[in-house]
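First up is the structure itself, then whatever we jot down about it.
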Amino acid sequence: MCRLKVVETFESIQGESSWAGMPCFFIRLAGCNLRCVYCDTPYAYEGGEERSVEELVAAARASRAPIVEITGGEPLLQEGLPALAAALRDGTSKRVLVETNGSLDLARVPPGVVAIVDIKCPGSGESERVLWSNVERLRACDEVKFVISDRADYDWAVDVLRRFALATRCRAVHLSPAADVLGPAVLAGWMLADGLPARLQVQLHKVVGLK
Ligand code: SF4
């Protein structure tokens, strides 16, 4: 029986994709291979409780939320991720999302499951870890996200977005201001000035005071 290390499961409002605002059942897996300077989930770096795929599918089915998201930490670190994502896809009527930090191969995200892929900007301290071959693996259903700490990050993200024509490769590209570091209005102004083919995204769950 396939088991995964799980830090927590909870319901909240999805806050960081085109599905932002919708009720979502989250499965947070343990472990992360990065240490972003702005990380808000260091408690997911280690530990976790072993739970079976069957248990997790049952918990997701018991939730009334129409979306289930596997997050972390970094979910692709765990051997059982493909099995869990496929079982959620086949065993629930929910849209399944996997949020990943962009440093590991997207090929392990099963068909029919949406990848939300962070591309780590220099301000994260982890941009050297971006796995650029993942750009070729993006599917029409996937989404890309940049967390922007300052103007240098913004310029870097715009260069990546244009160089790889990201807006044509996936469902949506999101730019999100690093919390308590960059004001959303400042980032919005830069995006407007450039007519960027991307969406300003705030962490909606935090705006409304949820986990
Ligand atoms: S990838 Fe995510 S969980 Fe890992 S250190 Fe960065 S922000 Fe934290």
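Labels used: A, B, ... for chains in the order of the structure tokens, numbers from 1 for residues in each chain, and numbers from 1 for ligands as shown.
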
Which residues are near Glu143 (chain A)? Cut-off 8 Å, only C-alpha atoms, ignore same chain within fewer than 6 positions. Put them as a ChimeraX atom specification. /A:17,114-117,170-174

DSSP strand (DSSP E or B) residues within region 3-163 of chain A, as a VMD selection string: chain A and resid 3 to 13 23 to 29 49 to 52 67 to 71 95 to 100 114 to 118 143 to 148

List the neighbours of Glu79 (chain A) out to 10 Å using only C-alpha atoms; skip same-chain residues closer than 3 positions along the sequence, and give me the result as a PyMOL selection string. chain A and resi 2-4+75-76+82-84+108

Identify, on the basis of only C-alpha atoms, every residue whose closest approach to Gly15 (chain A) does not exceed 7 Å; exclude the query and any residue fewer than 6 positions from it along the same chain; express the result as number ranges by chain. A: 21, 203-205

List as a VMD selection string the protein and nucleic acid residues near Asp40 (chain A), meaning an atom at most 12 Å away when only C-alpha atoms are counted, but skip any in the same chain fewer than 3 places from it. chain A and resid 35 to 37 43 to 45 72 to 73 178 to 180 203 206 211

Taking the backbone alone, and naming residues the way the document does, which bits of region 66-138 of chain A are helix (DSSP H, G or I) by DSSP, as a PDB file with C-alpha atoms, in the first residue's frame?
ATOM      1  CA  PRO A  75       5.131  17.379  -3.169  1.00  0.00           C
ATOM      2  CA  LEU A  76       7.225  15.972  -6.025  1.00  0.00           C
ATOM      3  CA  LEU A  77       9.889  14.860  -3.523  1.00  0.00           C
ATOM      4  CA  LEU A  81       2.958  11.650  -5.396  1.00  0.00           C
ATOM      5  CA  PRO A  82       1.966  10.257  -8.827  1.00  0.00           C
ATOM      6  CA  ALA A  83      -0.131   7.503  -7.229  1.00  0.00           C
ATOM      7  CA  LEU A  84      -1.868   9.944  -4.876  1.00  0.00           C
ATOM      8  CA  ALA A  85      -2.589  12.500  -7.620  1.00  0.00           C
ATOM      9  CA  ALA A  86      -3.967   9.829  -9.963  1.00  0.00           C
ATOM     10  CA  ALA A  87      -6.095   8.280  -7.206  1.00  0.00           C
ATOM     11  CA  LEU A  88      -7.582  11.682  -6.343  1.00  0.00           C
ATOM     12  CA  ARG A  89      -8.260  12.311 -10.037  1.00  0.00           C
ATOM     13  CA  ASP A  90      -9.976   8.951 -10.488  1.00  0.00           C
ATOM     14  CA  GLY A  91     -11.533   8.556  -7.037  1.00  0.00           C
ATOM     15  CA  LEU A 106       7.009  17.804 -13.944  1.00  0.00           C
ATOM     16  CA  ALA A 107       6.817  14.509 -15.829  1.00  0.00           C
ATOM     17  CA  ARG A 108       5.704  12.884 -12.561  1.00  0.00           C
ATOM     18  CA  PRO A 122      16.454  35.689  -7.603  1.00  0.00           C
ATOM     19  CA  GLY A 123      14.851  37.344  -4.556  1.00  0.00           C
ATOM     20  CA  SER A 124      13.829  33.888  -3.283  1.00  0.00           C
ATOM     21  CA  SER A 127      16.591  30.791  -8.614  1.00  0.00           C
ATOM     22  CA  GLU A 128      19.661  28.646  -9.388  1.00  0.00           C
ATOM     23  CA  ARG A 129      17.451  25.616  -8.689  1.00  0.00           C
ATOM     24  CA  ASN A 134      10.066  21.935 -17.133  1.00  0.00           C
ATOM     25  CA  VAL A 135       9.082  24.803 -19.452  1.00  0.00           C
ATOM     26  CA  GLU A 136       8.892  22.267 -22.299  1.00  0.00           C
ATOM     27  CA  ARG A 137       6.747  19.991 -20.130  1.00  0.00           C
TER      28      ARG A 137
END

Shortest interatomic distance to Ser93 (chain A) - which of A:Gly47, A:Pro66, A:Pro111, A:Gly183, counting only C-alpha atoms: A:Pro66
